[in-house]
Every structure is written in structure tokens, then in C-alpha cells.
file entry.cif (mmCIF, C-alpha atoms)
data_work
#
loop_
_atom_site.group_PDB
_atom_site.id
_atom_site.type_symbol
_atom_site.label_atom_id
_atom_site.label_comp_id
_atom_site.auth_asym_id
_atom_site.auth_seq_id
_atom_site.Cartn_x
_atom_site.Cartn_y
_atom_site.Cartn_z
ATOM 1 C CA ALA A 246 85.192 110.048 87.097
ATOM 2 C CA VAL A 247 82.744 112.717 88.072
ATOM 3 C CA ARG A 248 83.099 116.457 87.454
ATOM 4 C CA GLY A 249 86.300 118.430 86.913
ATOM 5 C CA GLY A 250 89.831 117.128 87.927
ATOM 6 C CA ALA A 251 92.569 118.822 89.815
ATOM 7 C CA ALA A 252 91.097 122.191 88.809
ATOM 8 C CA ALA A 253 87.895 121.420 90.721
ATOM 9 C CA MET A 254 89.959 120.585 93.789
ATOM 10 C CA ALA A 255 91.976 123.776 93.527
ATOM 11 C CA ALA A 256 88.798 125.811 93.283
ATOM 12 C CA ALA A 257 87.438 124.166 96.414
ATOM 13 C CA GLY A 258 90.705 124.763 98.267
ATOM 14 C CA LYS A 259 90.725 121.380 99.987
ATOM 15 C CA PRO A 260 93.274 118.624 99.354
ATOM 16 C CA GLY A 261 92.316 115.283 97.886
ATOM 17 C CA VAL A 262 91.766 111.962 99.627
ATOM 18 C CA VAL A 263 92.770 108.473 98.424
ATOM 19 C CA ILE A 264 90.923 105.477 99.872
ATOM 20 C CA THR A 265 91.949 101.921 99.028
ATOM 21 C CA GLY A 266 89.239 99.270 99.196
ATOM 22 C CA GLY A 267 86.762 102.096 98.690
ATOM 23 C CA ALA A 268 84.060 100.383 96.631
ATOM 24 C CA ALA A 269 82.344 98.763 99.610
ATOM 25 C CA GLY A 270 82.003 98.736 103.375
ATOM 26 C CA VAL A 271 83.588 101.350 105.574
ATOM 27 C CA GLY A 272 85.897 102.544 102.769
ATOM 28 C CA TRP A 273 82.852 103.536 100.715
ATOM 29 C CA ALA A 274 81.330 105.226 103.754
ATOM 30 C CA TYR A 275 84.562 107.207 104.279
ATOM 31 C CA ALA A 276 84.334 108.422 100.679
ATOM 32 C CA VAL A 277 80.764 109.607 101.187
ATOM 33 C CA GLU A 278 81.742 111.491 104.328
ATOM 34 C CA PHE A 279 84.817 113.155 102.799
ATOM 35 C CA SER A 280 82.926 114.183 99.654
ATOM 36 C CA GLN A 281 80.122 115.602 101.756
ATOM 37 C CA ARG A 282 82.686 117.709 103.607
ATOM 38 C CA GLY A 283 84.086 119.114 100.349
ATOM 39 C CA TYR A 284 87.174 116.916 99.931
ATOM 40 C CA PRO A 285 87.661 115.418 96.448
ATOM 41 C CA VAL A 286 88.178 111.669 96.617
ATOM 42 C CA VAL A 287 89.791 108.857 94.643
ATOM 43 C CA ILE A 288 88.587 105.391 95.589
ATOM 44 C CA CYS A 289 90.223 102.245 94.314
ATOM 45 C CA ASP A 290 89.257 98.622 94.595
ATOM 46 C CA VAL A 291 90.257 95.275 93.142
ATOM 47 C CA LYS A 292 86.848 95.268 91.441
ATOM 48 C CA ASP A 293 85.347 97.833 89.084
ATOM 49 C CA THR A 294 84.455 101.045 90.915
ATOM 50 C CA THR A 295 81.937 102.544 88.464
ATOM 51 C CA ALA A 296 78.828 101.617 90.460
ATOM 52 C CA ALA A 297 80.443 102.694 93.744
ATOM 53 C CA VAL A 298 81.329 106.131 92.380
ATOM 54 C CA SER A 299 77.837 106.606 90.922
ATOM 55 C CA ALA A 300 76.283 105.642 94.246
ATOM 56 C CA ILE A 301 78.381 108.218 96.127
ATOM 57 C CA ARG A 302 77.282 110.904 93.679
ATOM 58 C CA GLU A 303 73.647 109.937 94.215
ATOM 59 C CA ARG A 304 74.105 109.975 97.989
ATOM 60 C CA VAL A 305 75.950 113.329 97.962
ATOM 61 C CA PRO A 306 74.793 115.193 94.838
ATOM 62 C CA ASP A 307 76.430 118.439 95.988
ATOM 63 C CA GLY A 308 79.596 116.806 97.281
ATOM 64 C CA ALA A 309 83.151 117.230 96.083
ATOM 65 C CA PRO A 310 84.270 115.256 92.996
ATOM 66 C CA VAL A 311 84.764 111.500 93.327
ATOM 67 C CA TYR A 312 86.872 109.334 91.009
ATOM 68 C CA GLY A 313 87.355 105.595 90.871
ATOM 69 C CA THR A 314 89.975 103.264 89.497
ATOM 70 C CA GLN A 315 90.679 99.565 89.640
ATOM 71 C CA CYS A 316 93.765 98.627 91.635
ATOM 72 C CA ASP A 317 95.166 95.461 93.162
ATOM 73 C CA VAL A 318 97.120 96.753 96.160
ATOM 74 C CA SER A 319 99.059 93.486 96.356
ATOM 75 C CA ASP A 320 100.658 94.311 92.993
ATOM 76 C CA ALA A 321 103.394 96.959 93.119
ATOM 77 C CA ASN A 322 102.887 98.144 89.533
ATOM 78 C CA SER A 323 99.158 98.529 90.111
ATOM 79 C CA VAL A 324 99.828 100.707 93.169
ATOM 80 C CA VAL A 325 102.251 102.910 91.209
ATOM 81 C CA LYS A 326 99.506 103.446 88.630
ATOM 82 C CA LEU A 327 97.071 104.285 91.442
ATOM 83 C CA GLY A 328 99.444 107.012 92.597
ATOM 84 C CA GLU A 329 99.684 108.420 89.090
ATOM 85 C CA PHE A 330 95.897 108.373 88.703
ATOM 86 C CA ALA A 331 95.363 110.062 92.075
ATOM 87 C CA LYS A 332 97.886 112.787 91.284
ATOM 88 C CA ALA A 333 96.292 113.451 87.902
ATOM 89 C CA GLN A 334 92.759 113.650 89.270
ATOM 90 C CA LEU A 335 93.323 115.353 92.612
ATOM 91 C CA GLY A 336 96.404 117.488 92.104
ATOM 92 C CA THR A 337 97.180 117.681 95.803
ATOM 93 C CA ILE A 338 96.764 114.691 98.114
ATOM 94 C CA GLY A 339 96.199 115.512 101.759
ATOM 95 C CA TYR A 340 94.959 112.160 103.054
ATOM 96 C CA TRP A 341 95.714 108.596 102.004
ATOM 97 C CA ILE A 342 93.758 105.851 103.790
ATOM 98 C CA ASN A 343 95.080 102.318 103.513
ATOM 99 C CA ASN A 344 91.749 100.606 104.040
ATOM 100 C CA ALA A 345 91.875 97.589 101.693
ATOM 101 C CA GLY A 346 92.097 94.292 103.546
ATOM 102 C CA ILE A 347 91.030 90.645 103.479
ATOM 103 C CA ASN A 348 90.944 87.984 106.192
ATOM 104 C CA GLY A 349 90.980 84.772 104.153
ATOM 105 C CA GLY A 350 87.998 83.301 105.972
ATOM 106 C CA ARG A 351 87.602 82.021 109.532
ATOM 107 C CA ARG A 352 89.021 78.507 109.907
ATOM 108 C CA PRO A 353 91.808 76.569 111.649
ATOM 109 C CA PHE A 354 95.196 77.603 110.321
ATOM 110 C CA THR A 355 96.036 74.069 109.158
ATOM 111 C CA GLU A 356 92.971 74.166 106.906
ATOM 112 C CA VAL A 357 93.866 77.451 105.247
ATOM 113 C CA PRO A 358 95.331 76.925 101.748
ATOM 114 C CA LEU A 359 98.836 78.352 101.456
ATOM 115 C CA SER A 360 97.637 80.399 98.510
ATOM 116 C CA THR A 361 95.165 82.103 100.879
ATOM 117 C CA VAL A 362 97.901 82.744 103.449
ATOM 118 C CA GLU A 363 99.936 84.372 100.684
ATOM 119 C CA ALA A 364 96.993 86.467 99.489
ATOM 120 C CA VAL A 365 96.211 87.818 102.973
ATOM 121 C CA VAL A 366 99.834 88.784 103.607
ATOM 122 C CA LYS A 367 100.160 90.393 100.169
ATOM 123 C CA VAL A 368 97.017 92.517 100.522
ATOM 124 C CA ASN A 369 97.206 93.408 104.211
ATOM 125 C CA LEU A 370 100.944 93.897 104.673
ATOM 126 C CA LEU A 371 102.700 94.214 101.314
ATOM 127 C CA GLY A 372 99.769 96.250 99.985
ATOM 128 C CA VAL A 373 100.043 98.739 102.835
ATOM 129 C CA LEU A 374 103.818 98.960 102.400
ATOM 130 C CA TYR A 375 103.470 99.563 98.647
ATOM 131 C CA CYS A 376 100.720 102.162 99.091
ATOM 132 C CA THR A 377 102.531 103.946 101.888
ATOM 133 C CA GLN A 378 105.725 104.310 99.892
ATOM 134 C CA VAL A 379 103.836 105.662 96.870
ATOM 135 C CA ALA A 380 101.877 108.053 99.107
ATOM 136 C CA LEU A 381 105.042 109.247 100.874
ATOM 137 C CA LYS A 382 106.757 110.062 97.588
ATOM 138 C CA LEU A 383 103.720 111.977 96.329
ATOM 139 C CA MET A 384 103.352 113.946 99.571
ATOM 140 C CA HIS A 385 107.054 114.728 99.798
ATOM 141 C CA ASP A 386 106.837 116.310 96.347
ATOM 142 C CA GLN A 387 103.976 118.694 97.246
ATOM 143 C CA PRO A 388 105.503 122.103 98.125
ATOM 144 C CA GLY A 389 104.177 123.514 101.372
ATOM 145 C CA VAL A 390 101.592 120.749 101.843
ATOM 146 C CA GLU A 391 101.253 118.531 104.913
ATOM 147 C CA GLY A 392 99.823 115.106 104.143
ATOM 148 C CA HIS A 393 98.567 112.269 106.326
ATOM 149 C CA ILE A 394 98.662 108.512 105.751
ATOM 150 C CA PHE A 395 96.395 106.248 107.799
ATOM 151 C CA ASN A 396 97.101 102.525 108.165
ATOM 152 C CA THR A 397 94.051 100.511 109.169
ATOM 153 C CA VAL A 398 94.583 98.169 112.088
ATOM 154 C CA GLY A 399 92.237 95.414 113.225
ATOM 155 C CA SER A 400 91.931 92.254 115.274
ATOM 156 C CA GLY A 401 95.257 91.160 116.706
ATOM 157 C CA VAL A 402 96.724 94.640 116.732
ATOM 158 C CA LYS A 403 97.163 94.736 120.522
ATOM 159 C CA GLY A 404 98.404 91.189 120.857
ATOM 160 C CA GLY A 405 96.457 88.227 122.176
ATOM 161 C CA GLY A 406 95.175 85.448 119.977
ATOM 162 C CA THR A 407 92.963 85.634 116.912
ATOM 163 C CA PRO A 408 91.974 81.963 116.521
ATOM 164 C CA GLY A 409 90.520 81.315 113.093
ATOM 165 C CA TYR A 410 92.296 84.375 111.728
ATOM 166 C CA VAL A 411 95.964 83.550 112.342
ATOM 167 C CA THR A 412 97.312 85.158 109.174
ATOM 168 C CA TYR A 413 95.005 88.169 109.351
ATOM 169 C CA GLY A 414 95.952 88.830 112.982
ATOM 170 C CA ALA A 415 99.648 88.560 112.170
ATOM 171 C CA THR A 416 99.391 91.106 109.356
ATOM 172 C CA LYS A 417 97.407 93.564 111.462
ATOM 173 C CA ARG A 418 99.836 93.170 114.366
ATOM 174 C CA GLY A 419 102.627 94.272 112.035
ATOM 175 C CA LEU A 420 101.041 97.579 110.992
ATOM 176 C CA PRO A 421 101.538 99.560 114.233
ATOM 177 C CA GLN A 422 105.211 98.545 114.218
ATOM 178 C CA MET A 423 105.529 99.639 110.603
ATOM 179 C CA THR A 424 103.791 102.929 111.391
ATOM 180 C CA ASP A 425 105.940 103.575 114.479
ATOM 181 C CA SER A 426 109.071 102.909 112.422
ATOM 182 C CA LEU A 427 107.982 105.394 109.776
ATOM 183 C CA VAL A 428 107.086 108.005 112.371
ATOM 184 C CA LYS A 429 110.651 107.848 113.750
ATOM 185 C CA GLU A 430 112.211 107.678 110.297
ATOM 186 C CA LEU A 431 110.249 110.673 109.044
ATOM 187 C CA SER A 432 110.912 112.662 112.213
ATOM 188 C CA GLU A 433 114.519 111.759 112.930
ATOM 189 C CA GLY A 434 115.871 110.188 109.762
ATOM 190 C CA VAL A 435 117.923 106.986 109.534
ATOM 191 C CA GLN A 436 121.265 106.811 111.317
ATOM 192 C CA GLY A 437 124.141 106.838 108.833
ATOM 193 C CA TYR A 438 122.039 108.422 106.077
ATOM 194 C CA GLU A 439 121.731 112.125 105.411
ATOM 195 C CA LYS A 440 118.165 113.354 106.034
ATOM 196 C CA THR A 441 117.079 114.735 102.690
ATOM 197 C CA PRO A 442 114.838 117.822 102.806
ATOM 198 C CA THR A 443 111.451 117.337 101.131
ATOM 199 C CA ARG A 444 109.186 119.877 99.477
ATOM 200 C CA GLY A 445 106.169 118.631 101.406
ATOM 201 C CA VAL A 446 105.541 116.929 104.743
ATOM 202 C CA ALA A 447 104.106 113.422 105.232
ATOM 203 C CA ASN A 448 102.813 112.007 108.503
ATOM 204 C CA CYS A 449 101.848 108.410 109.341
ATOM 205 C CA HIS A 450 99.110 107.255 111.699
ATOM 206 C CA THR A 451 97.008 104.225 112.585
ATOM 207 C CA LEU A 452 93.255 104.046 112.085
ATOM 208 C CA SER A 453 91.057 101.586 113.967
ATOM 209 C CA PRO A 454 87.438 101.444 112.735
ATOM 210 C CA GLY A 455 86.625 98.691 115.243
ATOM 211 C CA MET A 456 84.048 96.035 114.421
ATOM 212 C CA VAL A 457 82.027 97.040 111.372
ATOM 213 C CA PHE A 458 79.111 95.119 109.873
ATOM 214 C CA THR A 459 80.818 94.198 106.591
ATOM 215 C CA ASP A 460 81.801 90.988 104.803
ATOM 216 C CA LEU A 461 85.089 91.026 106.708
ATOM 217 C CA LEU A 462 83.194 90.703 109.998
ATOM 218 C CA LEU A 463 80.177 88.565 109.138
ATOM 219 C CA ASN A 464 81.635 86.019 106.697
ATOM 220 C CA ASP A 465 81.946 82.631 108.475
ATOM 221 C CA SER A 466 80.583 84.123 111.713
ATOM 222 C CA THR A 467 78.578 82.064 114.225
ATOM 223 C CA LYS A 468 75.418 82.995 116.113
ATOM 224 C CA GLU A 469 77.478 83.137 119.301
ATOM 225 C CA LEU A 470 79.941 85.626 117.781
ATOM 226 C CA ARG A 471 77.099 87.691 116.390
ATOM 227 C CA LYS A 472 75.474 87.905 119.828
ATOM 228 C CA PHE A 473 78.770 88.830 121.486
ATOM 229 C CA PRO A 474 80.903 90.706 120.746
ATOM 230 C CA PHE A 475 79.335 91.802 117.432
ATOM 231 C CA GLY A 476 75.883 92.578 118.843
ATOM 232 C CA VAL A 477 77.402 94.758 121.548
ATOM 233 C CA LEU A 478 80.386 96.445 119.902
ATOM 234 C CA ALA A 479 79.917 96.373 116.119
ATOM 235 C CA ALA A 480 78.612 99.377 114.176
ATOM 236 C CA GLN A 481 77.382 100.185 110.693
ATOM 237 C CA PRO A 482 79.869 101.656 108.158
ATOM 238 C CA GLU A 483 78.163 105.055 108.073
ATOM 239 C CA GLU A 484 78.275 105.362 111.870
ATOM 240 C CA VAL A 485 82.000 104.642 111.907
ATOM 241 C CA ALA A 486 82.732 107.053 109.041
ATOM 242 C CA GLN A 487 80.785 109.886 110.652
ATOM 243 C CA ASP A 488 82.902 109.461 113.782
ATOM 244 C CA VAL A 489 86.413 108.859 112.434
ATOM 245 C CA VAL A 490 86.511 111.138 109.369
ATOM 246 C CA PRO A 491 86.349 114.324 111.508
ATOM 247 C CA LYS A 492 89.027 112.789 113.752
ATOM 248 C CA MET A 493 91.288 112.174 110.741
ATOM 249 C CA LEU A 494 90.759 115.727 109.518
ATOM 250 C CA ALA A 495 91.687 117.061 112.962
ATOM 251 C CA VAL A 496 95.000 115.183 113.177
ATOM 252 C CA ASN A 497 98.236 117.152 113.429
ATOM 253 C CA GLY A 498 101.829 115.922 113.429
ATOM 254 C CA GLN A 499 102.975 112.309 113.492
ATOM 255 C CA GLY A 500 101.788 109.066 114.995
ATOM 256 C CA ALA A 501 98.138 109.687 115.842
ATOM 257 C CA LYS A 502 95.934 106.735 116.786
ATOM 258 C CA VAL A 503 92.452 107.365 115.433
ATOM 259 C CA GLU A 504 89.892 104.986 116.947
ATOM 260 C CA PHE A 505 86.165 104.405 116.726
ATOM 261 C CA LEU A 506 85.960 102.019 119.679
ATOM 262 C CA THR A 507 87.541 104.296 122.253
ATOM 263 C CA THR A 508 87.621 103.127 125.865
ATOM 264 C CA ASP A 509 84.728 105.461 126.689
ATOM 265 C CA ARG A 510 82.618 104.120 123.838
ATOM 266 C CA VAL A 511 83.325 100.494 124.780
ATOM 267 C CA LEU A 512 82.354 101.172 128.419
ATOM 268 C CA LEU A 513 79.171 102.933 127.316
ATOM 269 C CA LYS A 514 78.201 100.029 125.087
ATOM 270 C CA PHE A 515 78.827 97.521 127.899
ATOM 271 C CA VAL A 516 76.804 99.557 130.383
ATOM 272 C CA SER A 517 73.945 99.970 127.902
ATOM 273 C CA ARG A 518 73.811 96.252 127.121
ATOM 274 C CA PHE A 519 74.642 94.524 130.391
ATOM 275 C CA LEU A 520 73.530 96.998 133.078
ATOM 276 C CA LEU A 521 70.655 98.812 131.392
ATOM 277 C CA GLY A 522 69.553 95.791 129.358
ATOM 278 C CA GLN A 523 69.302 97.641 126.043
ATOM 279 C CA LYS A 524 68.931 95.344 123.034
ATOM 280 C CA SER A 525 71.140 95.493 119.957
ATOM 281 C CA GLN A 526 69.733 97.381 116.988
ATOM 282 C CA TYR A 527 71.402 94.960 114.623
ATOM 283 C CA ILE A 528 71.483 91.461 116.175
ATOM 284 C CA ASP A 529 68.546 89.676 117.847
ATOM 285 C CA ASP A 530 68.706 87.473 120.954
ATOM 286 C CA ASP A 531 69.253 84.372 118.808
ATOM 287 C CA GLY A 532 72.272 85.831 117.023
ATOM 288 C CA ASN A 533 70.483 86.638 113.775
ATOM 289 C CA VAL A 534 70.959 89.890 111.856
ATOM 290 C CA ILE A 535 67.974 92.217 112.272
ATOM 291 C CA LYS A 536 66.971 93.302 108.784
ATOM 292 C CA MET A 537 65.701 96.834 108.449
ATOM 293 C CA PRO A 538 62.589 97.483 106.318
ATOM 294 C CA GLY A 539 63.475 98.636 102.815
ATOM 295 C CA ALA A 540 67.155 97.638 103.093
ATOM 296 C CA GLN A 541 68.770 94.896 101.043
ATOM 297 C CA TYR A 542 71.006 92.251 102.599
ATOM 298 C CA THR A 543 73.452 89.712 101.249
ATOM 299 C CA GLU A 544 73.251 86.079 102.306
ATOM 300 C CA ASN A 545 75.737 86.604 105.145
ATOM 301 C CA GLY A 546 73.643 89.420 106.632
ATOM 302 C CA VAL A 547 75.611 92.416 105.365
ATOM 303 C CA ARG A 548 73.402 95.372 104.474
ATOM 304 C CA ALA A 549 73.970 96.662 100.930
ATOM 305 C CA LEU A 550 75.132 100.275 100.977
ATOM 306 C CA TYR A 551 74.055 100.914 97.392
#
call {"tool": "encode", "arguments": {"input": "entry.cif", "output": "C-alpha cells"}}
result
Amino acid sequence: AVRGGAAAMAAAGKPGVVITGGAAGVGWAYAVEFSQRGYPVVICDVKDTTAAVSAIRERVPDGAPVYGTQCDVSDANSVVKLGEFAKAQLGTIGYWINNAGINGGRRPFTEVPLSTVEAVVKVNLLGVLYCTQVALKLMHDQPGVEGHIFNTVGSGVKGGGTPGYVTYGATKRGLPQMTDSLVKELSEGVQGYEKTPTRGVANCHTLSPGMVFTDLLLNDSTKELRKFPFGVLAAQPEEVAQDVVPKMLAVNGQGAKVEFLTTDRVLLKFVSRFLLGQKSQYIDDDGNVIKMPGAQYTENGVRALY
């Protein structure tokens, strides 16, 4: 933990933010962006978050407080403890981002161990269900506060096939349905059950960061995939965070769909690449990751954020 607790948040006057899977990739970039904008943040990850929190503080020395805790979102008890930790550190929670996710590797479905199938479903679907219920209960108990929960969608969300990622695609396809169900339930209640008044308001939305240069994207990728679509459509975590965090903060009411790869952005990227002939900043013509001077990269080509 860094700096004060709920008292620091109260002094700043801005509600707290919880980000699952926040020790790396776009989740870490979200935390940087929120802290920079004065919103205290709790990040959690299945791995230790100490280094991630320290790195955010170094990146944003004058930012709002950032706290980290270890949490396995596929374990219900672990998620309950995350909620307790977030409440203790932040006081008021205004935004909860269900960002944690795994894809289990890119391979034919018949070659995926059943234990991996189970793990992907538990993290991507059960984990989001667990976290959303905990977040809803916390937000409903915050007098006069309106909170927002964002469920991260990905490949497979709009239908169509995701060969190589059958389980991942299935879990991501389920999240908009889950979110739509909650939007109606929170707005209209459940037929046959009395709608119980709550002290605070909770809203549910989907969040689509698009293709981001992280382990999730580049693990098991081929040169052909890296050339297209990655080389045309994918972005760095910081670029995505700088775009979608203001969009999340601007959301009102229920059922928003926050996207990085909007139709306009996709068209612009296609025009730039295929009509104007602009080269990718990140992938060369042979499908190799372009490594920037001074940056560190993992074996799969992912740039280290800290």
C-alpha cells in the first residue's frame, strides 16, 4: 500500500477504483491513468502486486494512492477478501473493472487439456460473476453513491468463430449476455420478487479494449497473425488506457459499451495501412515485433511496462 487509506480518498473527493488483473498489461495501464487523474486505486492479481504498485508510484509520483493485493478471481473466498480489502483501503468504490482474463493458449480444442478448459472458464466467467456480485453488494451499500462495473469483452464477443481459442471465445461471448441481464435486473427487478431499495446505485457495462500488445495477444501468435490483424489494429496498453479511462469516467446510467476499437478508429487504421501505405509502428513487414530502443521485451515480443 502507498500513502493514506480511505481518509486520503475522502480528502481528494474522488471515489476509488478496483482493477482485477492489474499487475500487468492493460490493467496496469488503467491503474496508472486513474491514479494520474486523482482516483485512488486497488489492483489485484493472481501474482504478488508489490512491484506493480511501486512501478505505478514511480510513473505517477503525484498520483492518487495505489494499493495492491493478491487475489485469485476464480476462487469465491479470495474475491470476497478482495472486496473487504478494497472497502478498507478506498472507503467508497466508484468503479470496478473486471479485467483479469486468460486464454489458455492458442491450439486446437481437442489438444487443450480439460484442466485448462476449466481454468479459462473459472477465471473468465466465474471470476467475473464472483467479482460482479461482490462489487454490486459493496456499491448498493454506499449511501448516495453511483458506482459502475465494467466487464471486459474480447474475441468472440460478437459471434463468429475463434479457432484456436474455443473456450476463451465462449467465455467472452457470455459476458454481454450476463451484463444485459444485470442491466435489466438492476433497472426493472426480477418478476415475482420485490425490488429491494438500495442505499447506493450500481450500473453494469461492457468494456472492449480491442487488441492490445500483451501476453494474451502475442503468446502462440504466428508471423501472419502479427502482420494482420495485429500489425494494423493492435495498440499498446498505455494508448488503450488513455482512450478508454476518460470514456469510463464519462459513463452515466446502465449498459454502456465502452470501446477502444470503435468503427471510426478501425476505418482510420485500415485507410492508413491499405490506402495510404503507412507502416505499423510495432510490427515489421515480416511479422516480427519492432523493438524500441531502451525498452525491454519478453521472449514473445511483449514490451515490459516496468
call {"tool": "axis_aligned_box", "arguments": {"input": "entry.cif", "around": "stretch 502-514 of chain A", "padding_each_side": "6 Å", "output": "lines of an AutoDock Vina configuration file"}}
result
center_x = 87.1
center_y = 103.7
center_z = 121.9
size_x = 29.7
size_y = 19.3
size_z = 25.0
call {"tool": "resolve_selection", "arguments": {"input": "entry.cif", "expression": "the PyMOL selection byres ((chain A and resi 271) around 10)", "output": "PyMOL selection string"}}
result
chain A and resi 266-270+272-277+344-345+454+457-459+481-486+550
call {"tool": "write_last_selection", "arguments": {"input": "entry.cif", "atoms": "C-alpha atoms", "output": "PDB file, in the frame of the given file"}}
result
ATOM      1  CA  GLY A 266      89.239  99.270  99.196  1.00  0.00           C
ATOM      2  CA  GLY A 267      86.762 102.096  98.690  1.00  0.00           C
ATOM      3  CA  ALA A 268      84.060 100.383  96.631  1.00  0.00           C
ATOM      4  CA  ALA A 269      82.344  98.763  99.610  1.00  0.00           C
ATOM      5  CA  GLY A 270      82.003  98.736 103.375  1.00  0.00           C
ATOM      6  CA  GLY A 272      85.897 102.544 102.769  1.00  0.00           C
ATOM      7  CA  TRP A 273      82.852 103.536 100.715  1.00  0.00           C
ATOM      8  CA  ALA A 274      81.330 105.226 103.754  1.00  0.00           C
ATOM      9  CA  TYR A 275      84.562 107.207 104.279  1.00  0.00           C
ATOM     10  CA  ALA A 276      84.334 108.422 100.679  1.00  0.00           C
ATOM     11  CA  VAL A 277      80.764 109.607 101.187  1.00  0.00           C
ATOM     12  CA  ASN A 344      91.749 100.606 104.040  1.00  0.00           C
ATOM     13  CA  ALA A 345      91.875  97.589 101.693  1.00  0.00           C
ATOM     14  CA  PRO A 454      87.438 101.444 112.735  1.00  0.00           C
ATOM     15  CA  VAL A 457      82.027  97.040 111.372  1.00  0.00           C
ATOM     16  CA  PHE A 458      79.111  95.119 109.873  1.00  0.00           C
ATOM     17  CA  THR A 459      80.818  94.198 106.591  1.00  0.00           C
ATOM     18  CA  GLN A 481      77.382 100.185 110.693  1.00  0.00           C
ATOM     19  CA  PRO A 482      79.869 101.656 108.158  1.00  0.00           C
ATOM     20  CA  GLU A 483      78.163 105.055 108.073  1.00  0.00           C
ATOM     21  CA  GLU A 484      78.275 105.362 111.870  1.00  0.00           C
ATOM     22  CA  VAL A 485      82.000 104.642 111.907  1.00  0.00           C
ATOM     23  CA  ALA A 486      82.732 107.053 109.041  1.00  0.00           C
ATOM     24  CA  LEU A 550      75.132 100.275 100.977  1.00  0.00           C
TER      25      LEU A 550
END
call {"tool": "closest_residue", "arguments": {"input": "entry.cif", "among": "A:Gly406, A:Pro421, A:Pro442, A:Gly522", "to": "A:Ala501", "atoms": "only C-alpha atoms"}}
result
A:Pro421
call {"tool": "residues_near_point", "arguments": {"input": "entry.cif", "point": "(94.0, 106.8, 114.3)", "cutoff": "8 Å", "atoms": "all atoms listed in the file", "output": "MDAnalysis selection string"}}
result
chainID A and resid 395 450:453 492:493 501:504
call {"tool": "closest_residue", "arguments": {"input": "entry.cif", "among": "A:Ala309, A:Val516, A:Ala495, A:Ile347", "to": "A:His393", "atoms": "only C-alpha atoms"}}
result
A:Ala495
call {"tool": "closest_residue", "arguments": {"input": "entry.cif", "among": "A:Met456, A:Val534, A:Val428, A:Gln436", "to": "A:Lys472", "atoms": "only C-alpha atoms"}}
result
A:Val534
call {"tool": "atom_distance", "arguments": {"input": "entry.cif", "atom1": "atom CA of A:Trp341", "atom2": "atom CA of A:Ala380"}}
result
6.8 Å
call {"tool": "resolve_selection", "arguments": {"input": "entry.cif", "expression": "the PyMOL selection byres ((chain A and resi 388) around 7)", "output": "count of residues only"}}
result
6
call {"tool": "resolve_selection", "arguments": {"input": "entry.cif", "expression": "the PyMOL selection byres ((chain A and resi 367) around 12)", "output": "PyMOL selection string"}}
result
chain A and resi 317-321+345-349+360-366+368-376+412-413+416
call {"tool": "atom_distance", "arguments": {"input": "entry.cif", "atom1": "atom CA of A:Tyr312", "atom2": "atom CA of A:Gln334"}}
result
7.5 Å
call {"tool": "decode", "arguments": {"input": "entry.cif", "residues": "stretch 270-281 of chain A", "atoms": "N, CA and C atoms", "output": "PDB file, in the first residue's frame"}}
result
ATOM      1  N   GLY A 270       0.024  -5.555 -18.182  1.00  0.00           N
ATOM      2  CA  GLY A 270      -0.775  -5.276 -19.357  1.00  0.00           C
ATOM      3  C   GLY A 270      -1.672  -4.061 -19.242  1.00  0.00           C
ATOM      4  N   VAL A 271      -2.834  -4.159 -19.868  1.00  0.00           N
ATOM      5  CA  VAL A 271      -3.728  -3.007 -19.917  1.00  0.00           C
ATOM      6  C   VAL A 271      -4.317  -2.696 -18.545  1.00  0.00           C
ATOM      7  N   GLY A 272      -4.459  -3.691 -17.670  1.00  0.00           N
ATOM      8  CA  GLY A 272      -4.944  -3.430 -16.317  1.00  0.00           C
ATOM      9  C   GLY A 272      -4.014  -2.507 -15.560  1.00  0.00           C
ATOM     10  N   TRP A 273      -2.708  -2.739 -15.699  1.00  0.00           N
ATOM     11  CA  TRP A 273      -1.704  -1.879 -15.064  1.00  0.00           C
ATOM     12  C   TRP A 273      -1.763  -0.479 -15.653  1.00  0.00           C
ATOM     13  N   ALA A 274      -1.934  -0.404 -16.969  1.00  0.00           N
ATOM     14  CA  ALA A 274      -2.022   0.901 -17.628  1.00  0.00           C
ATOM     15  C   ALA A 274      -3.266   1.665 -17.184  1.00  0.00           C
ATOM     16  N   TYR A 275      -4.385   0.954 -16.974  1.00  0.00           N
ATOM     17  CA  TYR A 275      -5.587   1.608 -16.429  1.00  0.00           C
ATOM     18  C   TYR A 275      -5.263   2.238 -15.074  1.00  0.00           C
ATOM     19  N   ALA A 276      -4.573   1.477 -14.223  1.00  0.00           N
ATOM     20  CA  ALA A 276      -4.261   1.963 -12.879  1.00  0.00           C
ATOM     21  C   ALA A 276      -3.429   3.230 -12.929  1.00  0.00           C
ATOM     22  N   VAL A 277      -2.459   3.267 -13.818  1.00  0.00           N
ATOM     23  CA  VAL A 277      -1.635   4.467 -13.990  1.00  0.00           C
ATOM     24  C   VAL A 277      -2.515   5.655 -14.361  1.00  0.00           C
ATOM     25  N   GLU A 278      -3.396   5.441 -15.309  1.00  0.00           N
ATOM     26  CA  GLU A 278      -4.241   6.520 -15.824  1.00  0.00           C
ATOM     27  C   GLU A 278      -5.218   7.025 -14.752  1.00  0.00           C
ATOM     28  N   PHE A 279      -5.837   6.110 -14.017  1.00  0.00           N
ATOM     29  CA  PHE A 279      -6.764   6.529 -12.960  1.00  0.00           C
ATOM     30  C   PHE A 279      -6.030   7.292 -11.858  1.00  0.00           C
ATOM     31  N   SER A 280      -4.883   6.771 -11.434  1.00  0.00           N
ATOM     32  CA  SER A 280      -4.110   7.436 -10.380  1.00  0.00           C
ATOM     33  C   SER A 280      -3.697   8.834 -10.811  1.00  0.00           C
ATOM     34  N   GLN A 281      -3.280   8.939 -12.055  1.00  0.00           N
ATOM     35  CA  GLN A 281      -2.856  10.233 -12.592  1.00  0.00           C
ATOM     36  C   GLN A 281      -4.003  11.240 -12.579  1.00  0.00           C
TER      37      GLN A 281
END
